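Heads up: the structure comes next, in structure tokens.
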Amino acid sequence: MNPFDAKQLPDWEAGFEPRITAESRISYEEYTGTLEKLAEDTRQYRLLRLPNNMVALCISEPNSKTAAAALTVGVGSHADPDDALGLANLLGHMLLMESAEYPRHSSFEDFLQNHSGSSEVSTSTYKTCYYFDIYSDFLDGALDRMSGFFMNPIISPEVIDCAVDAVNSEDEWQLTNENARIDGFKAFFSNPNHPHLQFATGNSTTLNRFNPEELSKKVVEFYNHYYSADIMKLVLIADLSLDDLTEMAVTRPTDVCSVQDEYVPTLLKYENGLELCTAVNVTVEGFSLKLPVLIERVISNMRQVVIKESIFNDCLKKVQKSISCSKLLSAATQSSSCGIQLLLYPTWDTTQLEESLKDVTYDMLNNFVHALFEQVHIKMLVTGVFTEQHAIDIAHKVQNIIKAESLPNCQIPYVRLVQLDPGYYILPKLSLNDKTAKNGVIANIQLGRSYNVRERMIATVFNELFKTHFSDQLDIEELGFNIDSSIESYPDGNQILKLRVEEESNPIYLSLRITKFLHTYRQELVDFNINKLFDIIKEIELSFQQKLESRIRKLPRMQNAIDTGEYNFNKLKEEITCLKTIGKQDIIDMWDTFINSDTAPQYTRTDIHIWSSSTQLPSSAELEKYTAGVLALQRLVKGITDYDIDLDKLDSFIKAESMDGSQDNVYEKLVPLCPVLQDLPLKIPTEDSDEDRRKSCKNICCWKPNPKVEDIKIGLQMALESAVNAPDYHKHSSIDFSTIGMCQTIEGIWIIDDIPKFQSTQMLNGSLIPAIKLIPKYEN
């Protein structure tokens with residue numbers, strides 16, 4: 001039998017079952033079959049497939065002080081272009097230098113050396129391996145840094161000379177290495193038409209024929225074309241549990257892009273038509289000569305689809321299982337989903353989907369499939385070595401296969417963005433996951449129109465300098481383990497600043513902490529170093545330029561321009577041009593126009609609150625009677641001490657203390673209202689102190705402030721500040737939502753208790769106006 005018979009190769013589709021990580025609540029797949037190992041091997045193994053199709057192997061090795069990681073990419077010197085031999089090797093030397101997250105040169109090497117670690121990169125004919133080792137306690141930090149090089153690398157001309165010198169030194173060493181000389185001898189006698197004959201290592205002669213800018217572009221093109229998650233393999237080994245290693249493997253490199261070809265092999269392997277096809281958007285990629293035949297086969301099978309009842313039942317179980325798993329998502333992820341349900345129409349929540357799924361039957365699905373092609377609206381993007389006539393012929397063949405009536409534009413369903421009226425809103429929801437005590441908040445603040453290129457680029461630059469400060473500051477304050485910010489743009493409407501926090505403190509307290517941070521951040525913008533700002537803009541411009549030059553990313557970019565209805569194929573070029581004109585005052589003006597609630601003319605903010613089952617939601621009466629600071633403080637004390645302070649007494653206490661002015665020893669004054677506070681130690685031991693040391697040493701470094709007490713003190717401070725200078729959000733809202741049963745807090749925040757009812761009062765954004773006038777070139 002042929003040793004390369006496909007039947008003898010591993011079946012990477014079988015034996016994997018869906019899982020969700022315990023901490024981050026990210027889905028992945030785990031191999032549930034048997035992994036063969038030696039009887040004397042005491043290590044534990046777990047094989048994973050990550051969401052981006054990267055395969056990872058986690059190895060738990062007890063009593064090992066050193067951890068290690070290796071990431072192999074399935075491309076090497078055989079892929080070198082003829083005019084730049086050694087390019088794969090050069091990329092290997094350059095990739096671990098800088099990334100968007102860690103832009104300082106050699107920051108990765110410094111981190112490893114500071115923790116007794118080392119790294120190595122090796123390039124062979126068919127693969128490139130990136131390896132490091134480090135003390136186990138610092139594995140996650142090192143993996144985070146290495147993952148950044150594969151997600152957002154900075155490949156700049158400034159470091160190209162240094163990398164070429166490293167490649168050249170490697171080549172000079174190989175001249176005297178006997179094994180390398182034998183490999184060169186074998187290559188010399190290999191097939192002259194095979195890439196094995198090529199000079200694999202590269203040197204200054206093969207690489208310096210280009211200037212640094214040109215060579216840097218070639219490296220970027222090579223990276224964009226070949227470095228894809230689906231041809232990457234990751235191995236982690238440490239004295240950690242398999243669950244801890246799995247958490248690292250899934251959360252760190254999961255954002256590495258996958259640009260795999262979609263060959264849809266499963267669509268072509270049945271003799272009697274397809275067993276099941278759920279795709280509406282079909283992407284077929286490969287060799288240009290084969291694409292017309294392949295697309296015909298795919299569309300023909302879709303048109304003649306036959307669904308077997310056994311397959312239907314299996315798929316139904318998978319969907320039911322997927323919905324069940326969604327109930328185990330983290331509070332932060334649930335808040336994101338609720339935000340989508342509020343801002344987009346139409347959408348459905350988990351409960352609605354679960355109830356509707358109960359009514360789905362085999363006959364119902366068959367009827368749907370038969371009616372699927374009665375009326376269609378076809379959009380096709382054909383790219384490759386095709387003439388215009390070839391593309392038209394392909395489109396005609398697809399139309400002839402489908403043989404359906406055209407669906408009028410007015411009947412094409414669109415998911416539309418809800419255009420919120422100015423004001424401050426809160427959407428409270430109970431967590432679907434009753435197995436966690438964590439609460440989640442996402443604050444959504446509108447930042448102008450997404451289709452305005454200048455507003456879009458100012459927001460992009462702002463987020464780059466804001467997100468690190470936001471997460472670092474709240475992390476220093478020990479607010480939560482899941483803190484981040486991002487900008488989300490909707491092509492037909494607004495762009496939104498999203499601030500996310502997940503923690504055990506109640507959502508009202510978390511929202512107030514976000515507001516407290518925002519009130520102090522404007523001065524940070526005013527004082528921000530102008531040179532650092534220019535560096536950030538240059539980095540963004542470079543990343544955009546790399547996207548523009550990437551052949552792999554060109555197709556999705558064009559497809560997105562068509563799908564959104566914008567038809568702006570020069571969007572990236574316009575953004576790069578606009579970036580050059582942005583200054584610090586533009587960012588400050590955007591802050592004052594949209595984010596600063598005191599100055600924004602149409603301040604629009606929506607907070608999504610996910611309440612755990614262990615935290616009590618406030619009633620409408622409480623929201624209308626007490627300030628957010630009082631409610632947050634009462635729930636905060638309840639969560640920490642399990643003591644329920646009377647709200648009326650707490651409210652009176654806050655009002656009295658706010659009139660005092662000095663606010664000295666206010667925490668001690670709170671003790672009579674909550675006697676259990678006196679049992680909370682003001683300081684607790686540091687992690688590196690021990691009992692004997694604390695008894696024998698009065699050194700203050702052995703102790704640190706109790707985070708629970710500090711949280712209560714911050715809650716007290718915010719409650720007192722709101723009593724003295726209460727925020728007034730009434731001025732931002734011009735609509736009385738009480739007519740549909742919504743309540744309003746003392747501060748003027750509207751509480752959304754019914755999403756469909758609230759959406760019925762809001763306008764929906766229309767379809768996007770194309771950037772160019774669409775004129776049919778052909779009548780038919």
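For the structure tokens, the naming scheme is as follows: chains receive sequential letters (A, B, ...) according to their order of presentation, residues are indexed from 1 within each chain, and ligands are indexed from 1 in presentation order.
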
task = Find the spatial neighbours of stretch 370-386 of chain A, counting only C-alpha atoms, within a cut-off of 9 Å - ignore same-chain residues fewer than 6 positions away - and output them as a list in words.
result =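 In the requested form, the answer reads Phe287, Ser288, Leu289, Arg303, Val305, Ile394, Ala395, Gln399, Ile402, Lys403, Ala404, Glu405, Ser406, Leu407, Pro408, Asn409, Ile412, Leu555, Met558, Gln559, Ile562 and Asp563 of chain A.
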
Could you dump the residues just selected with N, CA and C atoms as a PDB file, in the first residue's frame?
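This went into result10.pdb:
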```
ATOM      1  N   PHE A 287      -6.918  27.054  -7.267  1.00  0.00           N
ATOM      2  CA  PHE A 287      -6.336  27.363  -8.562  1.00  0.00           C
ATOM      3  C   PHE A 287      -7.411  27.906  -9.514  1.00  0.00           C
ATOM      4  N   SER A 288      -7.050  28.951 -10.241  1.00  0.00           N
ATOM      5  CA  SER A 288      -8.027  29.634 -11.094  1.00  0.00           C
ATOM      6  C   SER A 288      -8.658  28.703 -12.116  1.00  0.00           C
ATOM      7  N   LEU A 289      -7.860  27.769 -12.687  1.00  0.00           N
ATOM      8  CA  LEU A 289      -8.395  26.886 -13.719  1.00  0.00           C
ATOM      9  C   LEU A 289      -9.488  25.968 -13.181  1.00  0.00           C
ATOM     10  N   ARG A 303     -28.245  23.136  -4.782  1.00  0.00           N
ATOM     11  CA  ARG A 303     -29.583  23.240  -5.401  1.00  0.00           C
ATOM     12  C   ARG A 303     -30.355  21.929  -5.288  1.00  0.00           C
ATOM     13  N   VAL A 305     -29.979  19.647  -2.813  1.00  0.00           N
ATOM     14  CA  VAL A 305     -29.687  19.128  -1.492  1.00  0.00           C
ATOM     15  C   VAL A 305     -30.772  18.157  -1.003  1.00  0.00           C
ATOM     16  N   ILE A 394     -18.992  32.772 -15.475  1.00  0.00           N
ATOM     17  CA  ILE A 394     -19.181  32.064 -14.198  1.00  0.00           C
ATOM     18  C   ILE A 394     -20.484  32.497 -13.551  1.00  0.00           C
ATOM     19  N   ALA A 395     -20.751  33.803 -13.559  1.00  0.00           N
ATOM     20  CA  ALA A 395     -21.992  34.314 -12.951  1.00  0.00           C
ATOM     21  C   ALA A 395     -23.214  33.755 -13.669  1.00  0.00           C
ATOM     22  N   GLN A 399     -26.262  31.420 -12.170  1.00  0.00           N
ATOM     23  CA  GLN A 399     -27.673  31.789 -12.318  1.00  0.00           C
ATOM     24  C   GLN A 399     -28.473  30.667 -12.978  1.00  0.00           C
ATOM     25  N   ILE A 402     -29.113  27.801 -10.464  1.00  0.00           N
ATOM     26  CA  ILE A 402     -30.091  28.110  -9.419  1.00  0.00           C
ATOM     27  C   ILE A 402     -31.495  28.216  -9.999  1.00  0.00           C
ATOM     28  N   LYS A 403     -31.620  28.860 -11.162  1.00  0.00           N
ATOM     29  CA  LYS A 403     -32.916  28.993 -11.848  1.00  0.00           C
ATOM     30  C   LYS A 403     -33.998  29.503 -10.902  1.00  0.00           C
ATOM     31  N   ALA A 404     -33.782  30.696 -10.371  1.00  0.00           N
ATOM     32  CA  ALA A 404     -34.725  31.269  -9.414  1.00  0.00           C
ATOM     33  C   ALA A 404     -35.126  32.662  -9.860  1.00  0.00           C
ATOM     34  N   GLU A 405     -36.277  33.091  -9.354  1.00  0.00           N
ATOM     35  CA  GLU A 405     -36.705  34.461  -9.608  1.00  0.00           C
ATOM     36  C   GLU A 405     -35.869  35.413  -8.762  1.00  0.00           C
ATOM     37  N   SER A 406     -35.720  36.624  -9.277  1.00  0.00           N
ATOM     38  CA  SER A 406     -34.913  37.618  -8.580  1.00  0.00           C
ATOM     39  C   SER A 406     -35.674  38.176  -7.381  1.00  0.00           C
ATOM     40  N   LEU A 407     -34.986  38.319  -6.277  1.00  0.00           N
ATOM     41  CA  LEU A 407     -35.580  38.894  -5.074  1.00  0.00           C
ATOM     42  C   LEU A 407     -35.451  40.412  -5.146  1.00  0.00           C
ATOM     43  N   PRO A 408     -36.561  41.151  -5.104  1.00  0.00           N
ATOM     44  CA  PRO A 408     -36.493  42.616  -5.194  1.00  0.00           C
ATOM     45  C   PRO A 408     -35.686  43.206  -4.036  1.00  0.00           C
ATOM     46  N   ASN A 409     -35.046  44.329  -4.308  1.00  0.00           N
ATOM     47  CA  ASN A 409     -34.230  44.970  -3.279  1.00  0.00           C
ATOM     48  C   ASN A 409     -35.022  45.300  -2.030  1.00  0.00           C
ATOM     49  N   ILE A 412     -35.100  42.412   0.463  1.00  0.00           N
ATOM     50  CA  ILE A 412     -33.857  41.847   1.003  1.00  0.00           C
ATOM     51  C   ILE A 412     -33.777  42.182   2.490  1.00  0.00           C
ATOM     52  N   LEU A 555      -9.014  40.115  -0.720  1.00  0.00           N
ATOM     53  CA  LEU A 555     -10.313  39.530  -1.030  1.00  0.00           C
ATOM     54  C   LEU A 555     -11.348  39.821   0.057  1.00  0.00           C
ATOM     55  N   MET A 558     -12.431  43.483  -0.127  1.00  0.00           N
ATOM     56  CA  MET A 558     -13.340  43.776  -1.231  1.00  0.00           C
ATOM     57  C   MET A 558     -14.732  43.201  -0.959  1.00  0.00           C
ATOM     58  N   GLN A 559     -14.757  41.979  -0.397  1.00  0.00           N
ATOM     59  CA  GLN A 559     -16.039  41.356  -0.093  1.00  0.00           C
ATOM     60  C   GLN A 559     -16.808  42.183   0.933  1.00  0.00           C
ATOM     61  N   ILE A 562     -18.510  45.150  -0.566  1.00  0.00           N
ATOM     62  CA  ILE A 562     -19.722  44.775  -1.303  1.00  0.00           C
ATOM     63  C   ILE A 562     -20.849  44.421  -0.338  1.00  0.00           C
ATOM     64  N   ASP A 563     -20.544  43.614   0.676  1.00  0.00           N
ATOM     65  CA  ASP A 563     -21.567  43.163   1.615  1.00  0.00           C
ATOM     66  C   ASP A 563     -22.215  44.319   2.368  1.00  0.00           C
TER      67      ASP A 563
END
```

task = List the neighbours of stretch 725-742 of chain A out to 7 Å using only C-alpha atoms; skip same-chain residues closer than 4 positions along the sequence, and give me the result as a list in words.
result =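 The filter keeps Pro422, Gly423, Tyr424, Gln602, Tyr603, Glu721, Glu747, Gly748, Ile749, Trp750, Ile751, Ile752 and Asp753 of chain A.
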
task = Write out as a ChimeraX atom specification the residues lying within 8 Å of A:Asn706, counting only C-alpha atoms and excluding same-chain residues fewer than 6 positions away.
result = /A:681-684

Next, dump the selected residues to file, keeping only N, CA and C atoms, as a PDB file, in the first residue's frame.
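Output below, filename selection-v1.pdb:
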```pdb
ATOM      1  N   PRO A 681      -9.893  43.146  58.570  1.00  0.00           N
ATOM      2  CA  PRO A 681      -8.574  43.744  58.832  1.00  0.00           C
ATOM      3  C   PRO A 681      -8.269  44.832  57.805  1.00  0.00           C
ATOM      4  N   LEU A 682      -7.696  45.930  58.267  1.00  0.00           N
ATOM      5  CA  LEU A 682      -7.361  47.024  57.362  1.00  0.00           C
ATOM      6  C   LEU A 682      -6.187  46.660  56.462  1.00  0.00           C
ATOM      7  N   LYS A 683      -5.306  45.779  56.956  1.00  0.00           N
ATOM      8  CA  LYS A 683      -4.157  45.337  56.171  1.00  0.00           C
ATOM      9  C   LYS A 683      -4.088  43.814  56.201  1.00  0.00           C
ATOM     10  N   ILE A 684      -3.541  43.260  55.136  1.00  0.00           N
ATOM     11  CA  ILE A 684      -3.366  41.807  55.040  1.00  0.00           C
ATOM     12  C   ILE A 684      -1.938  41.515  54.635  1.00  0.00           C
TER      13      ILE A 684
END
```

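Closest approach to A:Ile588 among A:Phe150, A:Tyr227, A:Tyr28, A:Phe528 is made by A:Phe528 (distances from only C-alpha atoms).
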
Residue list (alpha helix (DSSP H), DSSP) for stretch 104-251 of chain A, as number ranges by chain = A: 107-114, 139-151, 160-174, 178-188, 204-207, 212-226, 242-251

Which residues, written as a short mmCIF file (atom, residue, chain, number, x, y, z; two decimals) with N, CA, C and O atoms, in the first residue's frame, have at least one atom at most 9 Å from stretch 668-678 of chain A, with only C-alpha atoms counted and residues fewer than 4 positions away on the same chain left out?
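Saved as out.cif:
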```cif
data_model
loop_
_atom_site.label_atom_id
_atom_site.label_comp_id
_atom_site.auth_asym_id
_atom_site.auth_seq_id
_atom_site.Cartn_x
_atom_site.Cartn_y
_atom_site.Cartn_z
N VAL A 637 -21.06 46.34 50.19
CA VAL A 637 -20.89 45.86 51.57
C VAL A 637 -21.55 44.50 51.73
O VAL A 637 -21.00 43.60 52.37
N THR A 641 -19.36 41.42 53.06
CA THR A 641 -19.56 41.01 54.45
C THR A 641 -20.81 40.18 54.67
O THR A 641 -21.01 39.65 55.76
N ASP A 642 -21.69 40.11 53.64
CA ASP A 642 -22.99 39.46 53.76
C ASP A 642 -23.91 40.18 54.74
O ASP A 642 -24.89 39.61 55.24
N TYR A 643 -23.61 41.44 55.04
CA TYR A 643 -24.45 42.25 55.93
C TYR A 643 -25.29 43.20 55.09
O TYR A 643 -24.77 43.91 54.22
N ASP A 644 -26.59 43.22 55.36
CA ASP A 644 -27.54 44.02 54.56
C ASP A 644 -27.83 45.34 55.28
O ASP A 644 -28.63 45.39 56.22
N ILE A 645 -27.18 46.42 54.86
CA ILE A 645 -27.42 47.73 55.47
C ILE A 645 -28.77 48.26 55.01
O ILE A 645 -29.11 48.17 53.83
N ASP A 646 -29.52 48.82 55.93
CA ASP A 646 -30.80 49.44 55.59
C ASP A 646 -30.54 50.63 54.66
O ASP A 646 -29.75 51.53 54.97
N LYS A 649 -31.26 54.21 56.07
CA LYS A 649 -30.23 54.65 57.02
C LYS A 649 -28.94 54.99 56.30
O LYS A 649 -28.27 55.98 56.63
N LEU A 650 -28.57 54.19 55.30
CA LEU A 650 -27.35 54.47 54.54
C LEU A 650 -27.48 55.78 53.76
O LEU A 650 -26.54 56.57 53.70
N PHE A 653 -27.11 58.62 56.15
CA PHE A 653 -25.71 58.71 56.55
C PHE A 653 -24.88 59.43 55.49
O PHE A 653 -24.08 60.32 55.80
N ASP A 664 -13.49 63.15 57.17
CA ASP A 664 -12.42 62.41 57.83
C ASP A 664 -12.99 61.19 58.56
O ASP A 664 -14.08 61.25 59.15
N VAL A 709 -11.43 46.27 51.90
CA VAL A 709 -11.64 47.54 52.60
C VAL A 709 -11.46 48.71 51.64
O VAL A 709 -12.22 49.68 51.67
#
```

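With distances restricted to only C-alpha atoms, A:Ile295 is the closest residue to A:Val282 from A:Lys773, A:Ala166, A:Ile295, A:Gln411.
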
request  = Point out the residue among A:Arg145, A:His390, A:Lys308, A:Lys397 with the least atom-to-atom distance to A:Tyr362, counting only C-alpha atoms.
outcome  =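 Of A:Arg145, A:His390, A:Lys308, A:Lys397, the one nearest A:Tyr362 is A:Lys308, counting only C-alpha atoms.
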
DSSP-assigned strand (DSSP E or B) members of stretch 8-134 of chain A, reported as a count of residues only = 44

key: Selection near stretch 122-133 of chain A, 10 Å with only C-alpha atoms, sequence-local residues under 5 positions removed, as an NGL selection string   = :A and (66-80 or 86 or 88-93 or 95-96 or 109 or 112 or 115-117 or 138-139 or 142-143 or 146 or 195-196 or 198 or 200-201 or 231-238)

Could you turn the residues from that selection into a file that holds C-alpha atoms, as a PDB file, in the first residue's frame?
```pdb
ATOM      1  CA  THR A  66      11.218  25.201  33.728  1.00  0.00           C
ATOM      2  CA  ALA A  67       8.372  25.699  31.277  1.00  0.00           C
ATOM      3  CA  ALA A  68       8.709  25.768  27.501  1.00  0.00           C
ATOM      4  CA  ALA A  69       6.678  26.561  24.422  1.00  0.00           C
ATOM      5  CA  ALA A  70       7.221  25.826  20.748  1.00  0.00           C
ATOM      6  CA  LEU A  71       5.138  27.176  17.886  1.00  0.00           C
ATOM      7  CA  THR A  72       5.771  25.678  14.456  1.00  0.00           C
ATOM      8  CA  VAL A  73       4.563  27.262  11.223  1.00  0.00           C
ATOM      9  CA  GLY A  74       4.234  24.901   8.243  1.00  0.00           C
ATOM     10  CA  VAL A  75       6.324  26.956   5.842  1.00  0.00           C
ATOM     11  CA  GLY A  76      10.073  27.186   5.320  1.00  0.00           C
ATOM     12  CA  SER A  77      12.771  27.875   2.777  1.00  0.00           C
ATOM     13  CA  HIS A  78      11.013  25.929   0.013  1.00  0.00           C
ATOM     14  CA  ALA A  79       8.615  28.884  -0.189  1.00  0.00           C
ATOM     15  CA  ASP A  80      11.392  31.448  -0.741  1.00  0.00           C
ATOM     16  CA  GLY A  86      16.624  33.191   2.606  1.00  0.00           C
ATOM     17  CA  ALA A  88      11.763  32.627   5.297  1.00  0.00           C
ATOM     18  CA  ASN A  89      14.872  32.555   7.483  1.00  0.00           C
ATOM     19  CA  LEU A  90      14.981  36.364   7.583  1.00  0.00           C
ATOM     20  CA  LEU A  91      11.358  36.519   8.732  1.00  0.00           C
ATOM     21  CA  GLY A  92      12.198  34.067  11.504  1.00  0.00           C
ATOM     22  CA  HIS A  93      14.899  36.431  12.762  1.00  0.00           C
ATOM     23  CA  LEU A  95       9.344  38.303  13.847  1.00  0.00           C
ATOM     24  CA  LEU A  96      10.294  38.143  17.538  1.00  0.00           C
ATOM     25  CA  GLU A 109      14.335  38.713  24.919  1.00  0.00           C
ATOM     26  CA  LEU A 112      13.074  35.929  29.022  1.00  0.00           C
ATOM     27  CA  HIS A 115      13.383  35.235  34.276  1.00  0.00           C
ATOM     28  CA  SER A 116      16.209  32.809  33.391  1.00  0.00           C
ATOM     29  CA  GLY A 117      14.807  31.995  29.985  1.00  0.00           C
ATOM     30  CA  PHE A 138       6.324  33.387  33.929  1.00  0.00           C
ATOM     31  CA  LEU A 139       5.094  31.119  31.135  1.00  0.00           C
ATOM     32  CA  ALA A 142       6.123  34.986  27.786  1.00  0.00           C
ATOM     33  CA  LEU A 143       3.374  33.268  25.774  1.00  0.00           C
ATOM     34  CA  MET A 146       5.168  35.614  21.685  1.00  0.00           C
ATOM     35  CA  PRO A 195      13.047  23.959  -4.456  1.00  0.00           C
ATOM     36  CA  HIS A 196      15.375  21.741  -2.401  1.00  0.00           C
ATOM     37  CA  GLN A 198      17.625  26.483  -3.609  1.00  0.00           C
ATOM     38  CA  ALA A 200      17.956  27.904   1.967  1.00  0.00           C
ATOM     39  CA  THR A 201      19.793  30.000   4.552  1.00  0.00           C
ATOM     40  CA  ILE A 231      -0.806  25.550   9.544  1.00  0.00           C
ATOM     41  CA  MET A 232       0.527  26.293  13.027  1.00  0.00           C
ATOM     42  CA  LYS A 233       1.128  23.809  15.850  1.00  0.00           C
ATOM     43  CA  LEU A 234       1.679  24.890  19.461  1.00  0.00           C
ATOM     44  CA  VAL A 235       3.172  22.815  22.288  1.00  0.00           C
ATOM     45  CA  LEU A 236       3.212  23.937  25.948  1.00  0.00           C
ATOM     46  CA  ILE A 237       4.956  22.043  28.750  1.00  0.00           C
ATOM     47  CA  ALA A 238       5.140  23.102  32.396  1.00  0.00           C
TER      48      ALA A 238
END
```

Nearby residues (only C-alpha atoms) at most 8 Å from stretch 55-63 of chain A, same-chain spacing under 5 positions excluded, as a count of residues only = 24

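Excluding stretch 615-629 of chain A and any residue on its chain fewer than 2 positions from it, the residues at most 6 Å away by only C-alpha atoms are Ser612, Ser613, Leu631, Ala632, Met718, Ala719, Thr745 and Ile746 of chain A.
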
ask   = Hey, can you check how far atom CA of A:Pro776 sits from atom CA of A:Tyr451?
value =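 Atom-to-atom, atom CA of A:Pro776 and atom CA of A:Tyr451 are spaced 24.1 Å apart.
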
task = Would you work out the distance separating atom CA of A:Asn208 from atom CA of A:Asp110, expressed in Å to one decimal?
result =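 Between these atoms lies a distance of 28.5 Å.
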
Which residues of stretch 388-469 of chain A sit at most 12 Å from stretch 516-524 of chain A, using only C-alpha atoms? Give each one's shortest atom pair and distance in Å (one decimal place), in chain and ascending residue order, as CSV.
```
residue,atom,partner,partner_atom,distance
A:Ala443,CA,A:Leu518,CA,11.2
A:Ile445,CA,A:Leu518,CA,11.3
A:Phe462,CA,A:Arg522,CA,11.7
A:Leu465,CA,A:Glu524,CA,10.2
A:Phe466,CA,A:Tyr521,CA,9.0
A:Lys467,CA,A:Tyr521,CA,11.6
A:His469,CA,A:Tyr521,CA,9.2
```

Straight-line distance linking atom CA of A:Ile552 with atom CA of A:Glu539, stated in Å to one decimal = 20.6 Å
